[in-house]
Structure formats: C-alpha cells, structure tokens
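Below: model_18.tsv (TSV, C-alpha atoms)
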chain	number	residue	atom	x	y	z
A	1485	MET	CA	9.86	4.18	-22.59
A	1486	ASN	CA	13.33	4.77	-21.17
A	1487	LYS	CA	15.17	1.41	-21.33
A	1488	GLN	CA	17.23	2.14	-18.23
A	1489	LYS	CA	14.05	2.74	-16.23
A	1490	GLN	CA	12.49	-0.37	-17.71
A	1491	ILE	CA	15.42	-2.43	-16.42
A	1492	HIS	CA	15.23	-0.74	-13.00
A	1493	PHE	CA	11.54	-1.66	-12.69
A	1494	LYS	CA	11.83	-5.13	-14.20
A	1495	GLY	CA	8.56	-7.04	-14.02
A	1496	ASN	CA	6.43	-3.87	-13.99
A	1497	GLU	CA	6.53	-3.06	-17.70
A	1498	ASP	CA	2.73	-3.02	-18.08
A	1499	PHE	CA	2.37	-0.50	-15.28
A	1500	LEU	CA	5.17	1.65	-16.72
A	1501	ALA	CA	3.24	1.74	-20.00
A	1502	ARG	CA	0.20	2.97	-18.06
A	1503	ILE	CA	2.32	5.73	-16.50
A	1504	ASP	CA	3.48	6.77	-19.96
A	1505	ASP	CA	-0.19	7.00	-20.97
A	1506	TYR	CA	-0.87	9.23	-17.93
A	1507	LEU	CA	2.01	11.50	-18.95
A	1508	ASP	CA	0.66	11.70	-22.50
A	1509	GLN	CA	-2.74	12.72	-21.11
A	1510	LEU	CA	-1.05	15.24	-18.84
A	1511	SER	CA	0.54	17.00	-21.83
A	1512	ILE	CA	-2.98	17.53	-23.21
A	1513	TYR	CA	-5.16	18.13	-20.14
A	1514	HIS	CA	-2.53	19.55	-17.71
A	1515	LYS	CA	-3.79	17.41	-14.85
A	1516	VAL	CA	-4.55	13.70	-14.55
A	1517	PHE	CA	-6.19	11.68	-11.79
A	1518	THR	CA	-5.02	8.07	-11.69
A	1519	PRO	CA	-7.19	5.22	-10.45
A	1520	PHE	CA	-6.43	3.81	-7.01
A	1521	LEU	CA	-2.87	2.50	-6.89
A	1522	SER	CA	-1.35	-0.15	-4.65
A	1523	PRO	CA	1.54	0.91	-2.38
A	1524	ALA	CA	4.00	-0.70	-4.81
A	1525	GLU	CA	2.48	1.16	-7.77
A	1526	GLN	CA	2.66	4.45	-5.86
A	1527	GLU	CA	6.35	3.88	-5.19
A	1528	ILE	CA	7.05	3.01	-8.82
A	1529	LEU	CA	5.09	6.01	-10.11
A	1530	GLN	CA	6.90	8.40	-7.78
A	1531	ARG	CA	10.31	7.09	-8.80
A	1532	TYR	CA	9.48	6.87	-12.49
A	1533	VAL	CA	8.23	10.43	-12.96
A	1534	GLY	CA	10.86	11.87	-10.64
A	1535	LYS	CA	10.73	15.65	-10.56
A	1536	LYS	CA	9.21	16.02	-14.02
A	1537	VAL	CA	5.73	16.61	-12.61
A	1538	TYR	CA	4.06	17.26	-9.29
A	1539	THR	CA	2.39	14.28	-7.62
A	1540	THR	CA	-0.26	14.35	-4.91
A	1541	PHE	CA	-1.40	11.07	-3.35
A	1542	ASP	CA	-4.61	10.62	-1.39
A	1543	GLY	CA	-6.63	7.60	-0.33
A	1544	GLY	CA	-9.44	9.45	1.42
A	1545	TYR	CA	-8.06	9.28	4.97
A	1546	PRO	CA	-4.69	9.40	6.77
A	1547	ASP	CA	-2.51	6.28	6.48
A	1548	ALA	CA	-4.49	4.89	3.53
A	1549	GLU	CA	-2.71	2.12	1.64
A	1550	TYR	CA	-4.47	2.35	-1.73
A	1551	LYS	CA	-4.34	5.90	-3.08
A	1552	ARG	CA	-5.18	7.90	-6.18
A	1553	CYS	CA	-2.60	10.29	-7.57
A	1554	LEU	CA	-2.97	13.75	-9.07
A	1555	LEU	CA	-0.34	14.42	-11.74
A	1556	SER	CA	0.09	18.09	-12.66
A	1557	TYR	CA	2.62	20.66	-13.79
A	1558	GLU	CA	1.73	23.03	-10.95
A	1559	ASP	CA	1.99	22.53	-7.21
A	1560	LYS	CA	-1.67	23.11	-6.40
A	1561	GLN	CA	-3.90	21.68	-3.69
A	1562	ILE	CA	-6.71	20.06	-5.67
A	1563	PRO	CA	-9.05	17.61	-3.90
A	1564	LEU	CA	-8.95	14.16	-5.44
A	1565	PRO	CA	-12.36	12.76	-6.48
A	1566	ILE	CA	-12.80	10.17	-3.74
A	1567	VAL	CA	-16.00	9.27	-1.89
A	1568	CYS	CA	-16.21	7.42	1.42
A	1569	LEU	CA	-19.16	5.01	1.66
A	1570	HIS	CA	-20.31	3.82	5.08
A	1571	ALA	CA	-22.11	0.47	5.20
A	1572	ILE	CA	-24.81	0.25	7.83
A	1573	TYR	CA	-25.96	-3.22	8.93
A	1574	ASP	CA	-27.33	-5.13	11.91
A	1575	THR	CA	-24.31	-6.08	14.01
A	1576	LYS	CA	-26.48	-8.17	16.32
A	1577	TYR	CA	-26.90	-10.88	13.71
A	1578	TYR	CA	-23.91	-10.47	11.41
A	1579	ASN	CA	-20.16	-10.26	11.91
A	1580	LEU	CA	-18.64	-9.16	8.61
A	1581	SER	CA	-14.94	-9.35	7.74
A	1582	HIS	CA	-12.66	-7.50	5.36
A	1583	ARG	CA	-12.74	-10.56	3.09
A	1584	ASP	CA	-16.54	-10.43	3.01
A	1585	ALA	CA	-16.54	-6.76	1.99
A	1586	LEU	CA	-13.83	-7.20	-0.64
A	1587	GLY	CA	-15.64	-10.20	-2.13
A	1588	ALA	CA	-18.89	-8.26	-2.36
A	1589	MET	CA	-17.17	-5.38	-4.14
A	1590	MET	CA	-15.45	-7.65	-6.65
A	1591	ASN	CA	-18.76	-9.45	-7.31
A	1592	LEU	CA	-20.11	-6.17	-8.69
A	1593	GLY	CA	-17.91	-6.72	-11.72
A	1594	ILE	CA	-15.89	-3.55	-11.19
A	1595	GLU	CA	-12.11	-3.30	-11.42
A	1596	ARG	CA	-10.01	-3.30	-8.25
A	1597	GLN	CA	-8.50	0.05	-9.20
A	1598	THR	CA	-11.90	1.79	-8.91
A	1599	PHE	CA	-11.89	1.53	-5.12
A	1600	GLY	CA	-9.28	1.85	-2.43
A	1601	ASP	CA	-9.12	0.76	1.19
A	1602	LEU	CA	-11.89	-1.10	2.95
A	1603	ILE	CA	-11.92	-0.56	6.70
A	1604	VAL	CA	-13.82	-3.12	8.76
A	1605	GLU	CA	-13.60	-2.33	12.46
A	1606	HIS	CA	-15.97	-2.43	15.45
A	1607	GLY	CA	-19.02	-3.17	13.33
A	1608	ASP	CA	-18.36	-0.35	10.87
A	1609	ILE	CA	-17.42	-0.75	7.21
A	1610	TYR	CA	-15.97	2.14	5.23
A	1611	ILE	CA	-15.21	1.83	1.52
A	1612	PHE	CA	-13.25	4.48	-0.37
A	1613	VAL	CA	-14.24	4.68	-4.02
A	1614	SER	CA	-13.71	6.82	-7.11
A	1615	LYS	CA	-16.35	9.55	-7.26
A	1616	ASP	CA	-17.50	8.59	-10.75
A	1617	ILE	CA	-18.50	5.10	-9.63
A	1618	ALA	CA	-19.91	5.91	-6.18
A	1619	GLY	CA	-23.51	6.16	-7.41
A	1620	TYR	CA	-23.34	2.77	-9.12
A	1621	ILE	CA	-21.97	1.10	-6.00
A	1622	LYS	CA	-24.64	2.69	-3.80
A	1623	ARG	CA	-27.35	1.33	-6.11
A	1624	GLU	CA	-25.95	-2.15	-6.69
A	1625	LEU	CA	-24.30	-3.15	-3.40
A	1626	GLU	CA	-27.28	-4.17	-1.31
A	1627	LYS	CA	-25.77	-7.15	0.49
A	1628	ILE	CA	-22.43	-8.31	1.78
A	1629	GLY	CA	-22.72	-12.07	1.76
A	1630	ARG	CA	-26.21	-12.69	3.12
A	1631	CYS	CA	-26.20	-9.54	5.20
A	1632	PRO	CA	-28.43	-6.67	3.98
A	1633	ILE	CA	-26.65	-3.32	4.09
A	1634	GLN	CA	-27.42	0.31	3.45
A	1635	LEU	CA	-24.71	2.53	1.98
A	1636	GLU	CA	-24.46	6.23	2.69
A	1637	GLU	CA	-21.78	8.78	1.94
A	1638	SER	CA	-19.73	9.75	4.96
A	1639	GLU	CA	-17.51	12.73	5.63
A	1640	ALA	CA	-16.63	11.71	9.16
A	1641	PRO	CA	-12.85	11.60	9.78
A	1642	ILE	CA	-11.62	8.00	9.61
A	1643	GLN	CA	-8.68	6.73	11.60
A	1644	LYS	CA	-7.63	3.16	10.93
A	1645	GLU	CA	-6.22	1.34	13.94
A	1646	ILE	CA	-2.70	0.06	13.32
A	1647	HIS	CA	-1.30	-2.52	15.70
A	1648	LEU	CA	2.41	-3.32	15.84
A	1649	GLU	CA	4.22	-5.49	18.34
A	1650	TYR	CA	7.79	-4.22	18.69
A	1651	LYS	CA	10.87	-6.20	19.66
A	1652	THR	CA	14.52	-5.17	19.90
A	1653	HIS	CA	16.89	-6.79	17.42
A	1654	MET	CA	20.68	-6.54	17.30
A	1655	VAL	CA	22.26	-7.23	13.90
A	1656	SER	CA	25.83	-7.22	12.66
A	1657	SER	CA	24.90	-5.53	9.38
A	1658	LEU	CA	22.11	-3.52	7.75
A	1659	ARG	CA	22.25	-5.79	4.71
A	1660	LEU	CA	18.85	-7.08	3.68
A	1661	ASP	CA	19.76	-10.74	4.19
A	1662	ALA	CA	20.93	-9.98	7.75
A	1663	LEU	CA	17.65	-8.25	8.59
A	1664	VAL	CA	15.56	-11.04	7.08
A	1665	ALA	CA	17.53	-13.63	9.08
A	1666	SER	CA	16.96	-11.69	12.30
A	1667	ILE	CA	13.25	-11.14	11.66
A	1668	THR	CA	12.50	-14.75	10.66
A	1669	HIS	CA	14.97	-16.39	13.07
A	1670	LEU	CA	16.35	-18.37	10.14
A	1671	ALA	CA	19.94	-19.22	9.33
A	1672	ARG	CA	21.56	-16.64	7.04
A	1673	GLN	CA	21.60	-19.09	4.10
A	1674	LYS	CA	17.87	-19.78	4.38
A	1675	ALA	CA	17.14	-16.06	4.70
A	1676	GLN	CA	19.15	-15.46	1.54
A	1677	ALA	CA	16.99	-18.01	-0.28
A	1678	LEU	CA	13.88	-16.00	0.63
A	1679	VAL	CA	15.43	-12.89	-0.91
A	1680	HIS	CA	16.64	-14.75	-4.01
A	1681	ASP	CA	13.16	-16.25	-4.53
A	1682	GLY	CA	11.55	-12.79	-4.67
A	1683	ARG	CA	9.65	-13.28	-1.41
A	1684	VAL	CA	10.96	-10.09	0.22
A	1685	LYS	CA	9.79	-6.53	-0.41
A	1686	VAL	CA	11.41	-3.34	0.85
A	1687	ASP	CA	9.03	-0.38	0.95
A	1688	HIS	CA	6.58	-2.35	-1.24
A	1689	LEU	CA	9.06	-3.27	-3.99
A	1690	VAL	CA	10.62	-6.72	-4.47
A	1691	VAL	CA	14.36	-6.63	-3.80
A	1692	GLU	CA	16.49	-9.64	-4.75
A	1693	ASP	CA	19.87	-8.08	-3.94
A	1694	LEU	CA	21.22	-9.76	-0.79
A	1695	ALA	CA	23.63	-6.89	-0.18
A	1696	HIS	CA	20.94	-4.20	-0.38
A	1697	ILE	CA	21.64	-1.82	2.52
A	1698	CYS	CA	18.57	-0.85	4.54
A	1699	ASP	CA	19.98	2.37	5.96
A	1700	ASN	CA	16.85	4.54	6.05
A	1701	LYS	CA	15.63	5.57	9.48
A	1702	SER	CA	12.42	3.56	8.98
A	1703	ILE	CA	11.61	0.98	6.32
A	1704	LEU	CA	8.83	-1.49	5.69
A	1705	ILE	CA	9.90	-5.06	5.01
A	1706	SER	CA	7.38	-7.64	3.82
A	1707	ILE	CA	8.31	-11.32	3.81
A	1708	ARG	CA	5.87	-13.69	2.15
A	1709	GLY	CA	4.82	-16.31	4.67
A	1710	TYR	CA	6.05	-14.27	7.66
A	1711	GLY	CA	4.22	-10.94	7.54
A	1712	ARG	CA	4.99	-7.23	7.37
A	1713	PHE	CA	7.50	-5.48	9.61
A	1714	MET	CA	8.38	-1.85	10.35
A	1715	VAL	CA	12.13	-1.59	10.91
A	1716	ASN	CA	13.32	1.45	12.86
A	1717	ASP	CA	17.01	2.19	13.24
A	1718	THR	CA	17.60	3.55	16.76
A	1719	GLY	CA	20.99	4.96	15.78
A	1720	ARG	CA	22.58	3.02	18.62
A	1721	LYS	CA	25.19	0.27	18.60
A	1722	THR	CA	26.21	-2.34	21.15
A	1723	LYS	CA	29.71	-2.68	22.59
A	1724	ASN	CA	30.27	-5.36	19.95
A	1725	ASN	CA	29.41	-2.82	17.23
A	1726	ARG	CA	26.06	-4.43	16.39
A	1727	PHE	CA	23.18	-2.25	15.18
A	1728	VAL	CA	20.23	-1.90	17.57
A	1729	LEU	CA	16.90	-1.96	15.75
A	1730	GLU	CA	13.29	-1.77	16.90
A	1731	ILE	CA	11.22	-4.03	14.64
A	1732	GLY	CA	7.43	-4.05	14.82
A	1733	LYS	CA	5.25	-6.75	13.30
A	1734	TYR	CA	1.86	-5.77	11.91
A	1735	GLU	CA	-0.85	-7.81	13.56
Go ahead and render the structure in this file as structure tokens.
Amino acid sequence: MNKQKQIHFKGNEDFLARIDDYLDQLSIYHKVFTPFLSPAEQEILQRYVGKKVYTTFDGGYPDAEYKRCLLSYEDKQIPLPIVCLHAIYDTKYYNLSHRDALGAMMNLGIERQTFGDLIVEHGDIYIFVSKDIAGYIKRELEKIGRCPIQLEESEAPIQKEIHLEYKTHMVSSLRLDALVASITHLARQKAQALVHDGRVKVDHLVVEDLAHICDNKSILISIRGYGRFMVNDTGRKTKNNRFVLEIGKYE
C-alpha cells in the first residue's frame, strides 16, 4: 500500500486494504463488483484508485446513498447485480419505520455490505440487495418486527423524496470553521472545537483542518449532533465582501 495514500486516508487503513484486494482481483478477472459501499467508502475508493481503472457506481435507483462499484479496465456499461425487493404489508394495522426495516435485515445475520438503501415512504418499503443474496432474503425475511410481510422483486422506478429547508447565510470566509460557525450559530472557537474533535465531515470524509477551504459550487457538510447540510455557493458577495451561501438542512 502506498504510504502517502495511507497517510492521506488516515483511519481507513482496513478499507484501503480491501481496495488493494479488489485491485488484485481485477488483475486476474478484469472486472470486480464490490459490495455495497457507504458514501464515505465510495469517496475514498474513487480517490484511491484515481484514473488507474474505470469505476461505475450504482445503488439501484437515482440518488442512492449506498452503492456497489464496478471496477474494470474498460469503460463499458455493465449492469451491476442489484435487486430491488418490495415489502408488501397491511398498512391499516402497522406503521413501519426505517429503523424497523434495518433491524429486521440485520437480524437475518447478514453483513451490512450485502444490502444498500432501505426506502420507507408512504407505506412502501423498498430494499436494494446484492443479487446473490436476494433469494435468501426473500425466503427468510417474513416479518418486520411483529408485522407479517411479503417480499417481491420490483423493477418499478424508485424516486426517494429528499427534503431540504434552505436559508441564506453570509460568511466572511469559505474556511470550514467559518461555515460550521454559521450553520450551528456557535462562536467561532466552539465551531473550531467541533472540527478538531472529528465531528465534521465534508463530502462524507472527516476533515479536521480548520483552514480547509470549501470552494466547490456545492458541498455536503455533516456535523454530528446538528445534522447534514447542502452548502451552495451563489457566487455573489455583499457590499462588505461577505460570501452569500444558500444552505439547506436535510430533514
């Protein structure tokens, strides 16, 4: 493993070793499908492999958070082996939550990386799983909590509802500590403590550098204890030379 990269991704050494294993497999089989990866793992994988190989990410529907990745030496459109399972249940007597569905899946004794997003909206539950484990889940997952369910494969297009409440912020700098202070309404010193303590992520990765410049057009900032925020730079400035940002909080 490249030591410079290991330093750059400090704290993720185990996952980097997994990526090296994927690359070893790729040299033999010429294409590799990873398990489902978290957003942070996707970001690390993309940065780690760079332009050495082609990467295709898919979670089974647009805007998926957990995704599998196809690693290959050729830029080909190959469908990733993902199955969408739709849980049918009696909504008159049960009101199931995302936590209920996740708990039921984990109680099957399978690893988290074998399935991706779980969408629980308007009485429907959709679970995106690796194709090789779909049959097992269909046989074994008969209840969520005390609620009897029936699982069937679905090819209907899924669109997850994303709700953000936007507010306008004006900041003197695009430094990370300045953005965190504005988002949390904390004094700059207390905002800096959040960054130093590793409680702030930028585009899914922990950033502890107070002076990190968030100069992309749109970035995702997660602050433990405060939530997730989409930060959009409007490109405008006030008369006092402050940056005008539109910041949306995920509900």
Best match for closeness to Asp1661 of chain A among A:Ile1705, A:Leu1689, A:Ile1572, A:Cys1631, counting only C-alpha atoms: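 Of A:Ile1705, A:Leu1689, A:Ile1572, A:Cys1631, the one nearest Asp1661 of chain A is A:Ile1705, counting only C-alpha atoms.
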Axis-aligned box over every listed atom of segment 1525-1535 of chain A, padded by 8 Å per side: centre and edges in Å to one decimal, as AutoDock Vina command-line options?
--center_x 6.7 --center_y 8.4 --center_z -9.1 --size_x 24.4 --size_y 30.5 --size_z 23.8
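The spacing separating atom CA of Leu1500 of chain A from atom CA of Gly1600 of chain A amounts to 20.3 Å.
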Cut-off 10 Å around (9.7, -10.3, -4.7) with only C-alpha atoms: residues as a list in words: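 Residues with an atom close enough to that point: Gly1495, Leu1678, Val1679, His1680, Asp1681, Gly1682, Arg1683, Val1684, Lys1685, Val1686, His1688, Leu1689, Val1690, Val1691, Glu1692, Ser1706, Ile1707 and Arg1708 of chain A.
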Selection: 12 Å around Asn1591 of chain A, all atoms listed in the file, excl. self and same-chain fewer than 5 positions, as a ChimeraX atom specification: /A:1584-1586,1596,1621,1624-1629
Shortest interatomic distance to Leu1569 of chain A - which of A:Leu1635, A:Leu1555, A:Leu1507, A:Ala1524, counting only C-alpha atoms: A:Leu1635
Rows by chain and residue number, segment 1585-1683 of chain A within 12 Å of segment 1709-1721 of chain A, shortest pair, all atoms listed in the file, as JSON lines:
{"residue": "A:Ile1646", "atom": "CA", "partner": "A:Met1714", "partner_atom": "CA", "distance": 11.6}
{"residue": "A:His1647", "atom": "CA", "partner": "A:Met1714", "partner_atom": "CA", "distance": 11.1}
{"residue": "A:Leu1648", "atom": "CA", "partner": "A:Met1714", "partner_atom": "CA", "distance": 8.2}
{"residue": "A:Glu1649", "atom": "CA", "partner": "A:Phe1713", "partner_atom": "CA", "distance": 9.3}
{"residue": "A:Tyr1650", "atom": "CA", "partner": "A:Met1714", "partner_atom": "CA", "distance": 8.7}
{"residue": "A:Lys1651", "atom": "CA", "partner": "A:Val1715", "partner_atom": "CA", "distance": 10.0}
{"residue": "A:Thr1652", "atom": "CA", "partner": "A:Asn1716", "partner_atom": "CA", "distance": 9.7}
{"residue": "A:His1653", "atom": "CA", "partner": "A:Val1715", "partner_atom": "CA", "distance": 9.6}
{"residue": "A:Met1654", "atom": "CA", "partner": "A:Lys1721", "partner_atom": "CA", "distance": 8.3}
{"residue": "A:Val1655", "atom": "CA", "partner": "A:Lys1721", "partner_atom": "CA", "distance": 9.3}
{"residue": "A:Ser1656", "atom": "CA", "partner": "A:Lys1721", "partner_atom": "CA", "distance": 9.6}
{"residue": "A:Ser1657", "atom": "CA", "partner": "A:Lys1721", "partner_atom": "CA", "distance": 10.9}
{"residue": "A:Leu1658", "atom": "CA", "partner": "A:Asp1717", "partner_atom": "CA", "distance": 9.4}
{"residue": "A:Leu1660", "atom": "CA", "partner": "A:Val1715", "partner_atom": "CA", "distance": 11.3}
{"residue": "A:Leu1663", "atom": "CA", "partner": "A:Val1715", "partner_atom": "CA", "distance": 9.0}
{"residue": "A:Val1664", "atom": "CA", "partner": "A:Tyr1710", "partner_atom": "CA", "distance": 10.1}
{"residue": "A:Ala1665", "atom": "CA", "partner": "A:Tyr1710", "partner_atom": "CA", "distance": 11.6}
{"residue": "A:Ser1666", "atom": "CA", "partner": "A:Val1715", "partner_atom": "CA", "distance": 11.3}
{"residue": "A:Ile1667", "atom": "CA", "partner": "A:Phe1713", "partner_atom": "CA", "distance": 8.3}
{"residue": "A:Thr1668", "atom": "CA", "partner": "A:Tyr1710", "partner_atom": "CA", "distance": 7.1}
{"residue": "A:His1669", "atom": "CA", "partner": "A:Tyr1710", "partner_atom": "CA", "distance": 10.6}
{"residue": "A:Leu1670", "atom": "CA", "partner": "A:Tyr1710", "partner_atom": "CA", "distance": 11.4}
{"residue": "A:Ala1675", "atom": "CA", "partner": "A:Tyr1710", "partner_atom": "CA", "distance": 11.6}
{"residue": "A:Leu1678", "atom": "CA", "partner": "A:Gly1709", "partner_atom": "CA", "distance": 9.9}
{"residue": "A:Arg1683", "atom": "CA", "partner": "A:Gly1709", "partner_atom": "CA", "distance": 8.3}
Distance of atom CA of Pro1519 of chain A from atom CA of Lys1560 of chain A, expressed in Å to one decimal place: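 Separation between atom CA of Lys1560 of chain A and atom CA of Pro1519 of chain A: 19.2 Å.
Across the model, the gap from atom CA of Lys1551 of chain A to atom CA of Glu1525 of chain A is 9.5 Å.
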Residue nearest Gly1732 of chain A - candidates A:Ser1638, A:Ile1611, A:Phe1499, A:Ile1703, atoms counted: all atoms listed in the file: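 Of A:Ser1638, A:Ile1611, A:Phe1499, A:Ile1703, the one nearest Gly1732 of chain A, counting all atoms listed in the file, is A:Ile1703.
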Nearby residues, (-21.8, -11.7, 13.0) file frame, 12 Å, all atoms listed in the file, as a ChimeraX atom specification: /A:1573-1581,1584,1606-1607,1628-1631
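Using all atoms listed in the file, the shortest contact distance between Ile1633 of chain A and any of A:Leu1529, A:Ile1609, A:Val1516, A:Leu1564 is found at A:Ile1609.
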Top pick for closest residue to Val1567 of chain A, considering A:Arg1623, A:Lys1733, A:Lys1615, A:His1514 and counting all atoms listed in the file: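 Going through A:Arg1623, A:Lys1733, A:Lys1615, A:His1514 one by one, the smallest distance to Val1567 of chain A is for A:Lys1615.
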Proximity to Leu1510 of chain A - best of A:Tyr1557, A:Tyr1734, A:Phe1727, A:Phe1612, all atoms listed in the file: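 Ranked by minimum distance to Leu1510 of chain A, first place goes to A:Tyr1557.
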Once N, CA and C atoms are restored for segment 1649-1667 of chain A, what would the output be as a compact mmCIF listing (two decimals), in the coordinates of the input?
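Below is the file that was written, selection_31.txt:
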# COMPACT_ATOMS: atom_id res chain seq x y z
N GLU A 1649 3.57 -4.95 17.15
CA GLU A 1649 4.22 -5.49 18.34
C GLU A 1649 5.73 -5.39 18.12
N TYR A 1650 6.37 -4.50 18.89
CA TYR A 1650 7.79 -4.22 18.69
C TYR A 1650 8.68 -5.11 19.54
N LYS A 1651 9.82 -5.49 18.95
CA LYS A 1651 10.87 -6.20 19.66
C LYS A 1651 12.22 -5.60 19.27
N THR A 1652 13.18 -5.68 20.17
CA THR A 1652 14.52 -5.17 19.90
C THR A 1652 15.36 -6.25 19.24
N HIS A 1653 16.01 -5.88 18.13
CA HIS A 1653 16.89 -6.79 17.42
C HIS A 1653 18.29 -6.17 17.35
N MET A 1654 19.30 -7.00 17.44
CA MET A 1654 20.68 -6.54 17.30
C MET A 1654 21.31 -7.31 16.15
N VAL A 1655 21.74 -6.59 15.12
CA VAL A 1655 22.26 -7.23 13.90
C VAL A 1655 23.67 -6.71 13.61
N SER A 1656 24.44 -7.58 12.97
CA SER A 1656 25.83 -7.22 12.66
C SER A 1656 25.93 -6.31 11.45
N SER A 1657 24.87 -6.29 10.63
CA SER A 1657 24.90 -5.53 9.38
C SER A 1657 23.49 -5.07 9.03
N LEU A 1658 23.40 -4.00 8.24
CA LEU A 1658 22.11 -3.52 7.75
C LEU A 1658 21.80 -4.07 6.36
N ARG A 1659 22.57 -5.10 5.96
CA ARG A 1659 22.25 -5.79 4.71
C ARG A 1659 20.88 -6.44 4.82
N LEU A 1660 20.20 -6.53 3.68
CA LEU A 1660 18.85 -7.08 3.68
C LEU A 1660 18.83 -8.52 4.18
N ASP A 1661 19.78 -9.35 3.76
CA ASP A 1661 19.76 -10.74 4.19
C ASP A 1661 19.95 -10.87 5.70
N ALA A 1662 20.73 -9.95 6.30
CA ALA A 1662 20.93 -9.98 7.75
C ALA A 1662 19.64 -9.62 8.48
N LEU A 1663 18.91 -8.63 7.96
CA LEU A 1663 17.65 -8.25 8.59
C LEU A 1663 16.61 -9.35 8.47
N VAL A 1664 16.53 -9.96 7.29
CA VAL A 1664 15.56 -11.04 7.08
C VAL A 1664 15.87 -12.21 8.01
N ALA A 1665 17.15 -12.54 8.18
CA ALA A 1665 17.53 -13.63 9.08
C ALA A 1665 17.13 -13.32 10.52
N SER A 1666 17.31 -12.07 10.93
CA SER A 1666 16.96 -11.69 12.30
C SER A 1666 15.45 -11.70 12.52
N ILE A 1667 14.71 -11.21 11.54
CA ILE A 1667 13.25 -11.14 11.66
C ILE A 1667 12.63 -12.54 11.68
